[in-house]
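Below is one structure, written out as structure tokens, with a few remarks after it.
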Amino acid sequence: MAEIAGATRDRDAAASADADPAREKHKRRRDVLSVLVRARAEELDGALRALDLAPEFEVLRAPEFGLAMTRGRIGGGGAPFNLGEVTVTRTVVRLASGEVGYGHILGRDRKRAHLVALFDALWQSEATRAVVEDRLLASVAARTAEEDRHVRVKTAATRVNFFTMVRGED
Amino acid sequence: MADALGGGFKDPVFASQAVFRRLLDALSRPGRVVEMPQLVAPPPPLKPAAAAVLAALADADTPVFLDKVLNASGEVRGWVGFHIGAPIVVVPARALFAVIADPAVMPPLSEFGLGTEQYPDRSTTLVVQVAGFSRGRSLWLSGPGIEDVAGVQVEGLPERLVEEFRANRALFPRGVDLVLAAPSAILGLPRSTRIMGEA
Amino acid sequence: MYVAVKGGEAAIANAHRLLAEKRRGDKNVPSLTVTQILEQLSLAVDRVMSEGSLYDRRLAALAIKQARGDLVEAIFLVRAYRTTLPRFGTSRPIETGGMLVERRISATFKDLPGGQLLGPTFDYTHRLLDPALEEDDAVEEAARAEDPGSEAMPRVTDLLGQAGLIEPDPEGEDEPSDLTREPLSFPADRDLRLQALARGDEGFLLALGYSTQRGFARSHPFAAEIRMGEVDVEIDVPGLDFPVPLGRIKVTECQMVNQFKGSAEAPPQFTRGYGLIFGHAERKAMAMALCDRALRARELGEDQTAAAQDEEFVLSHADNVQATGFVEHLKLPHYVDFQAELELLRRLRAEFEAGRGPAKDGQEDREAAE
């Protein structure tokens with residue numbers, strides 16, 4: 001058992017040494033997608049118009065509704081179990097320049113999934129990455145960060161300090 | 001475009017319903033040649049009709065077996081992974097669906113999932129690519145869905161598969177079901193069908 | 001035996017038209033919008049999502065409207081809808097430790113790191129009906145405090161676990177069982193039990209949880225932590241080498257800790273029951289955690305004496321769609337069944353009368369003697 005764990009660790013270490021740039025790229029794209037999936041359709045649509053981007057693309061996978069089974073962990077951090085399903089819309093596009101963009105979002109919204117896929121592809125393209133980051137991702141990230149902050153400050157206002165009334169304390 | 005990412009259903013819902021309807025026809029009327037419109041453009045050697053059947057039936061919950069020829073193609077494996085999302089298995093018995101591009105060298109039918117007496121539905125459905133239905137080996141079929149007998153011609157169906165299908169019939173209610181797929185037509189051979197003899 | 005009946009098409013169609021009219025109610029009153037249900041009956045929406053076992057707020061709200069507010073009917077509608085969709089994959093396990101917390105309390109530690117956050121709770125309200133809600137009065141905006149920052153809040157059980165006084169989370173990365181793919185079978189492991197409880201009927205779980213408190217499978221629970229808020233959902237997508245973020249869902253988590261005297265293998269320590277529910281569903285999360293703990297009796301070598309400890313009883317009856325289907329099917333035509341029973345009864349009655357006739361007195365004496 002210890003041997004297996006050790007071997008796995010070594011392999012992981014070797015892989016991370018080799019694949020660091022790839023891993024870094026994945027992490028950045030994952031961060032981009034986590035912003036894109038929280039963007040509203042009008043934000044995405046507005047950015048597409050404002051940027052005057054009319055990219056040529058083909059639809060590799062037409063937008064489709066489906067399910068993903070979400071999992072939790074027993075006790076919060078233990079072995080996985082199936083919690084229940086979520087609705088998902090997915091689509092994949094490919095730009096004429098070759099970048100493949102994925103639009104996978106919670107809920108049922110073909111148009112928004114399509115726009116997420118398009119912007120995922122546009123972000124991968126060197127030609128449009130900067131403009132996608134500056135004109136779309138920055139503002140969506142700012143809005144969602146502000147929304148999260150609102151949740152935190154309103155929740156923080158309900159913070160309570162319970163006092164225990166102790167009798168006969170020394 | 002015949003690469004791993006292109007050539008899927010344009011409209012997944014209606015396209016898979018159209019294929020499913022044709023599969024119902026083919027399997028409820030064994031021996032009837034059912035035309036299949038070109039709904040997908042898979043990478044070779046996977047052919048459109050077989051790929052359409054797989055795309056309509058298989059998904060992430062259904063392990064798929066690909067024969068040696070198909071499995072050798074990274075494009076085919078990529079296409080099945082991307083458009084269907086099905087896990088690809090190498091043990092035939094584990095597969096709910098199997099696609100065979102070269103029936104001459106496929107594993108024997110008895111190695112696929114045959115179901116159990118309690119759950120005969122838990123068996124493999126094989127989609128076997130053949131050259132066509134207008135020439136080649138002539139067979140007489142009988143059984144449910146066939147009035148008297150039906151004569152069919154299948155080009156590219158090896159003799160051993162005919163023998164194995166007869167042995168498969170003897171396992172009823174267990175056994176595999178076959179869908180023979182020419183490039184643009186299919187023909188159903190469910191386990192309930194008897195191959196009477198060669199015409 | 002089931003025998004089909006035919007007929008009544010016109011009556012059924014008209015009944016459905018009448019239902020639609022009743023659903024709409026007084027046409028002088030504006031129609032309720034799905035968005036209104038979504039925004040203002042959000043806990044009903046959450047209940048439909050959790051028991052429908054499908055996270056989609058808008059669908060759940062639509063189902064509530066269509067079901068005229070009958071939540072079990074709405075859950076049925078959602079379950080039926082989900083059968084029409086393909087499954088694209090499974091998520092990475094959600095990380096409740098990284099939750100954007102909207103409520104988080106502990107009944108066991110008053111000074112827990114990150115603090116006790118009451119959030120939007122009915123607790124401490126006086127349960128006095130508020131006539132002001134008859135009017136559409138403006139609502140005061142929620143108070144705000146200084147931003148505590150986005151640092152994740154550790155789970156209480158993780159804090160307690162460091163001292164070894166509480167059992168650790170059960171390890172393992174095996175593919176969990178899925179009762180939507182394989183029918184329930186017994187004995188059921190904890191992963192399968194938790195899935196069944198998470199989609200189970202709130203009232204049923206509440207009653208069972210309550211029964212454990214009243215002494216049927218007594219386990220002396222403490223609510224170590226209840227937290228509610230949003231977590232990220234990520235899935236693996238064929239063709240991509242990293243988990244893809246889909247967005248966020250709201251969940252409620254409950255950690256119950258219970259006394260355990262220990263066994264030959266395990267030292268005395270706190271054991272745990274776990275609840276995790278879609279949406280804001282505190283009562284159900286707590287009831288689930290109580291039921292989870294009670295169902296661990298076999299694993300922990302405890303006497304199995306109560307209904308809440310009987311996994312076949314609990315899991316087979318927790319699903320309200322199954323339950324309502326079987327109970328409500330009794331109102332469908334059973335004319336042939338009933339005719340057969342009637343025939344049988346008439347024959348038995350005739351035999352009884354025949355036997356009673358001439359030897360009536362003697363027979364009664366015999367019965368009395370037995």
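Following the order of the structure tokens, chains are lettered A, B, ..., residues in each are numbered from 1, and ligands are numbered from 1.
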
Any idea what's packed within 9 Å of Phe216 (chain C), counting only C-alpha atoms, ignoring anything in its chain fewer than 3 positions away? Could you give it as a ChimeraX atom specification? /C:208,210-213,219,305-309

Residues of chain B at most 10 Å from chain C: nearest atom pair and distance in Å, only C-alpha atoms, as a tab-separated table:
```
residue	atom	partner	partner_atom	distance
B:Ala4	CA	C:Gly239	CA	9.9
B:Leu5	CA	C:Gly239	CA	9.1
B:Val13	CA	C:Leu85	CA	9.8
B:Asp59	CA	C:Pro86	CA	7.6
B:Ala60	CA	C:Phe88	CA	6.3
B:Asp61	CA	C:Arg87	CA	7.7
B:Gly78	CA	C:Gly239	CA	7.9
B:Trp79	CA	C:Gly239	CA	9.8
B:Val80	CA	C:Pro238	CA	9.7
B:Gly81	CA	C:Pro238	CA	6.1
B:Phe82	CA	C:Pro238	CA	5.7
B:His83	CA	C:Pro238	CA	8.9
B:Ile84	CA	C:Phe88	CA	9.2
B:Gly85	CA	C:Pro238	CA	6.5
B:Ala86	CA	C:Pro238	CA	9.3
B:Pro87	CA	C:Pro238	CA	9.8
```

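Distances here use only C-alpha atoms; by that measure, the residue among C:Arg144, C:Arg104, C:Arg127, C:Lys65 closest to chain A is C:Arg144.
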
For chain C, report every residue with an atom at most 6 Å from chain A (counting only C-alpha atoms), formatted as a PyMOL selection string. chain C and resi 53-55+85-91+93-94+102+116-119+143-147+169-173+176+191+195+245-247+274

Counting only C-alpha atoms, chain A residues within 7 Å of chain B, as a list in words: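 That gives the following set of residues: Leu60, Arg61 and Ala62 of chain A.
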
Store the residues picked out above in a file with N, CA and C atoms, as an mmCIF file, in the first residue's frame.
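Writing done, so here's again.cif:
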```
data_model
loop_
_atom_site.group_PDB
_atom_site.id
_atom_site.type_symbol
_atom_site.label_atom_id
_atom_site.label_comp_id
_atom_site.auth_asym_id
_atom_site.auth_seq_id
_atom_site.Cartn_x
_atom_site.Cartn_y
_atom_site.Cartn_z
ATOM 1 N N LEU A 60 -19.573 22.115 -33.485
ATOM 2 C CA LEU A 60 -19.165 20.705 -33.458
ATOM 3 C C LEU A 60 -20.195 19.868 -32.727
ATOM 4 N N ARG A 61 -20.745 20.432 -31.655
ATOM 5 C CA ARG A 61 -21.794 19.744 -30.915
ATOM 6 C C ARG A 61 -22.904 20.754 -30.685
ATOM 7 N N ALA A 62 -24.040 20.470 -31.286
ATOM 8 C CA ALA A 62 -25.152 21.410 -31.177
ATOM 9 C C ALA A 62 -25.580 21.525 -29.722
#
```

Please provide the set of residues having any atom within 9 Å of Phe186 (chain C), restricted to only C-alpha atoms, with same-chain residues fewer than 2 positions apart removed, written as a PDB file with C-alpha atoms, in the first residue's frame.
```pdb
ATOM      1  CA  LEU C 184     -32.059  -0.590  -4.431  1.00  0.00           C
ATOM      2  CA  ALA C 188     -27.083  -1.010   1.269  1.00  0.00           C
ATOM      3  CA  ASP C 189     -23.787   0.742   1.856  1.00  0.00           C
ATOM      4  CA  GLU C 311     -32.423   0.241   6.268  1.00  0.00           C
ATOM      5  CA  GLU C 312     -34.909  -1.739   4.246  1.00  0.00           C
TER       6      GLU C 312
END
```

Residues of chain B classed as strand (DSSP E or B) by DSSP on the backbone are to be reported as number ranges by chain. B: 34-35, 64-66, 88-89, 97-100, 114, 123, 125-129, 132-142, 150-155, 177-182, 185-189, 194-198

Produce a file of the selected residues containing C-alpha atoms, as a PDB file, in the first residue's frame.
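What follows is the written file result_18.pdb:
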```
ATOM      1  CA  VAL B  34     -34.305   0.162 -43.618  1.00  0.00           C
ATOM      2  CA  GLU B  35     -32.705   3.142 -45.294  1.00  0.00           C
ATOM      3  CA  VAL B  64     -18.958   0.354 -25.938  1.00  0.00           C
ATOM      4  CA  PHE B  65     -16.695  -2.253 -27.530  1.00  0.00           C
ATOM      5  CA  LEU B  66     -14.892  -1.336 -30.739  1.00  0.00           C
ATOM      6  CA  ILE B  88     -14.698   2.252 -24.483  1.00  0.00           C
ATOM      7  CA  VAL B  89     -14.103  -1.243 -23.095  1.00  0.00           C
ATOM      8  CA  PHE B  97     -23.017  -1.946 -27.463  1.00  0.00           C
ATOM      9  CA  ALA B  98     -20.344  -3.134 -29.853  1.00  0.00           C
ATOM     10  CA  VAL B  99     -19.388  -1.879 -33.287  1.00  0.00           C
ATOM     11  CA  ILE B 100     -17.681  -4.253 -35.668  1.00  0.00           C
ATOM     12  CA  LEU B 114     -25.402 -12.602 -23.219  1.00  0.00           C
ATOM     13  CA  SER B 123     -26.714  -8.271 -23.182  1.00  0.00           C
ATOM     14  CA  THR B 125     -26.252  -5.156 -28.981  1.00  0.00           C
ATOM     15  CA  LEU B 126     -23.818  -5.506 -31.864  1.00  0.00           C
ATOM     16  CA  VAL B 127     -23.721  -3.150 -34.813  1.00  0.00           C
ATOM     17  CA  VAL B 128     -21.924  -5.056 -37.536  1.00  0.00           C
ATOM     18  CA  GLN B 129     -20.776  -3.161 -40.609  1.00  0.00           C
ATOM     19  CA  GLY B 132     -24.522  -3.878 -48.591  1.00  0.00           C
ATOM     20  CA  PHE B 133     -27.855  -5.667 -48.960  1.00  0.00           C
ATOM     21  CA  SER B 134     -28.185  -5.986 -52.736  1.00  0.00           C
ATOM     22  CA  ARG B 135     -25.818  -8.836 -53.425  1.00  0.00           C
ATOM     23  CA  GLY B 136     -23.783 -11.404 -51.546  1.00  0.00           C
ATOM     24  CA  ARG B 137     -24.862 -14.203 -49.253  1.00  0.00           C
ATOM     25  CA  SER B 138     -28.586 -15.029 -49.434  1.00  0.00           C
ATOM     26  CA  LEU B 139     -30.355 -16.087 -46.259  1.00  0.00           C
ATOM     27  CA  TRP B 140     -33.877 -17.149 -45.315  1.00  0.00           C
ATOM     28  CA  LEU B 141     -35.125 -15.769 -42.031  1.00  0.00           C
ATOM     29  CA  SER B 142     -38.119 -16.649 -39.873  1.00  0.00           C
ATOM     30  CA  ALA B 150     -38.024 -13.452 -45.467  1.00  0.00           C
ATOM     31  CA  GLY B 151     -35.182 -13.660 -47.928  1.00  0.00           C
ATOM     32  CA  VAL B 152     -32.277 -11.262 -47.557  1.00  0.00           C
ATOM     33  CA  GLN B 153     -28.948 -10.738 -49.204  1.00  0.00           C
ATOM     34  CA  VAL B 154     -25.961  -9.580 -47.215  1.00  0.00           C
ATOM     35  CA  GLU B 155     -22.623  -8.714 -48.720  1.00  0.00           C
ATOM     36  CA  ASP B 177     -29.007  -8.816 -30.903  1.00  0.00           C
ATOM     37  CA  LEU B 178     -27.434  -7.805 -34.199  1.00  0.00           C
ATOM     38  CA  VAL B 179     -27.952  -4.749 -36.322  1.00  0.00           C
ATOM     39  CA  LEU B 180     -26.273  -5.190 -39.698  1.00  0.00           C
ATOM     40  CA  ALA B 181     -25.250  -1.808 -41.054  1.00  0.00           C
ATOM     41  CA  ALA B 182     -24.409  -1.072 -44.663  1.00  0.00           C
ATOM     42  CA  ALA B 185     -29.066   1.182 -44.533  1.00  0.00           C
ATOM     43  CA  ILE B 186     -29.606  -1.190 -41.650  1.00  0.00           C
ATOM     44  CA  LEU B 187     -31.141  -4.630 -41.170  1.00  0.00           C
ATOM     45  CA  GLY B 188     -32.138  -6.057 -37.797  1.00  0.00           C
ATOM     46  CA  LEU B 189     -31.317  -9.570 -36.635  1.00  0.00           C
ATOM     47  CA  ARG B 194     -33.913 -17.877 -36.972  1.00  0.00           C
ATOM     48  CA  ILE B 195     -31.635 -18.155 -39.963  1.00  0.00           C
ATOM     49  CA  MET B 196     -33.292 -21.058 -41.776  1.00  0.00           C
ATOM     50  CA  GLY B 197     -30.669 -21.768 -44.371  1.00  0.00           C
ATOM     51  CA  GLU B 198     -28.921 -20.299 -47.292  1.00  0.00           C
TER      52      GLU B 198
END
```

Shell around region 40-47 of chain B at 7 Å using only C-alpha atoms, local window under 2 positions removed, as a list in words: Met1, Ala2, Asp3, Ala4, Gly7, Gly8, Phe9, Gln38, Ala49, Ala50, Ala51, Ala52, Leu70, Glu75, Val76, Ala101 and Pro183 of chain B

Keeping only N, CA and C atoms, write those residues as a PDB file, in the first residue's frame.
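Full text of again.pdb as output:
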```pdb
ATOM      1  N   MET B   1     -16.973  17.148 -41.985  1.00  0.00           N
ATOM      2  CA  MET B   1     -15.536  16.951 -41.761  1.00  0.00           C
ATOM      3  C   MET B   1     -15.332  15.668 -40.967  1.00  0.00           C
ATOM      4  N   ALA B   2     -14.515  14.782 -41.493  1.00  0.00           N
ATOM      5  CA  ALA B   2     -14.359  13.476 -40.850  1.00  0.00           C
ATOM      6  C   ALA B   2     -13.166  13.467 -39.908  1.00  0.00           C
ATOM      7  N   ASP B   3     -13.222  14.246 -38.856  1.00  0.00           N
ATOM      8  CA  ASP B   3     -12.197  14.150 -37.827  1.00  0.00           C
ATOM      9  C   ASP B   3     -12.891  13.810 -36.513  1.00  0.00           C
ATOM     10  N   ALA B   4     -12.117  13.736 -35.452  1.00  0.00           N
ATOM     11  CA  ALA B   4     -12.690  13.261 -34.188  1.00  0.00           C
ATOM     12  C   ALA B   4     -13.762  14.204 -33.652  1.00  0.00           C
ATOM     13  N   GLY B   7     -18.646  16.135 -37.488  1.00  0.00           N
ATOM     14  CA  GLY B   7     -19.484  15.060 -37.979  1.00  0.00           C
ATOM     15  C   GLY B   7     -20.442  14.439 -36.994  1.00  0.00           C
ATOM     16  N   GLY B   8     -20.834  15.173 -35.948  1.00  0.00           N
ATOM     17  CA  GLY B   8     -21.855  14.655 -35.031  1.00  0.00           C
ATOM     18  C   GLY B   8     -23.248  15.002 -35.533  1.00  0.00           C
ATOM     19  N   PHE B   9     -24.269  14.574 -34.761  1.00  0.00           N
ATOM     20  CA  PHE B   9     -25.640  14.957 -35.088  1.00  0.00           C
ATOM     21  C   PHE B   9     -25.754  16.478 -35.108  1.00  0.00           C
ATOM     22  N   GLN B  38     -28.187  10.165 -44.070  1.00  0.00           N
ATOM     23  CA  GLN B  38     -26.839  10.542 -43.602  1.00  0.00           C
ATOM     24  C   GLN B  38     -26.980  11.625 -42.531  1.00  0.00           C
ATOM     25  N   ALA B  49     -24.117   4.842 -41.180  1.00  0.00           N
ATOM     26  CA  ALA B  49     -25.308   4.226 -40.586  1.00  0.00           C
ATOM     27  C   ALA B  49     -24.980   3.597 -39.229  1.00  0.00           C
ATOM     28  N   ALA B  50     -23.840   2.888 -39.161  1.00  0.00           N
ATOM     29  CA  ALA B  50     -23.439   2.258 -37.893  1.00  0.00           C
ATOM     30  C   ALA B  50     -23.185   3.333 -36.840  1.00  0.00           C
ATOM     31  N   ALA B  51     -22.535   4.418 -37.252  1.00  0.00           N
ATOM     32  CA  ALA B  51     -22.220   5.493 -36.308  1.00  0.00           C
ATOM     33  C   ALA B  51     -23.496   6.163 -35.819  1.00  0.00           C
ATOM     34  N   ALA B  52     -24.490   6.307 -36.717  1.00  0.00           N
ATOM     35  CA  ALA B  52     -25.747   6.945 -36.325  1.00  0.00           C
ATOM     36  C   ALA B  52     -26.475   6.083 -35.288  1.00  0.00           C
ATOM     37  N   LEU B  70     -11.469  -0.665 -35.654  1.00  0.00           N
ATOM     38  CA  LEU B  70     -11.967   0.644 -35.193  1.00  0.00           C
ATOM     39  C   LEU B  70     -11.118   1.169 -34.044  1.00  0.00           C
ATOM     40  N   GLU B  75      -8.815   8.524 -34.303  1.00  0.00           N
ATOM     41  CA  GLU B  75      -9.908   9.407 -34.703  1.00  0.00           C
ATOM     42  C   GLU B  75     -11.262   8.797 -34.314  1.00  0.00           C
ATOM     43  N   VAL B  76     -11.398   7.487 -34.556  1.00  0.00           N
ATOM     44  CA  VAL B  76     -12.667   6.828 -34.219  1.00  0.00           C
ATOM     45  C   VAL B  76     -12.890   6.848 -32.714  1.00  0.00           C
ATOM     46  N   ALA B 101     -16.262  -3.386 -37.435  1.00  0.00           N
ATOM     47  CA  ALA B 101     -16.007  -2.923 -38.802  1.00  0.00           C
ATOM     48  C   ALA B 101     -15.598  -4.090 -39.699  1.00  0.00           C
ATOM     49  N   PRO B 183     -23.398   1.047 -45.420  1.00  0.00           N
ATOM     50  CA  PRO B 183     -23.091   2.468 -45.220  1.00  0.00           C
ATOM     51  C   PRO B 183     -24.324   3.349 -45.037  1.00  0.00           C
TER      52      PRO B 183
END
```
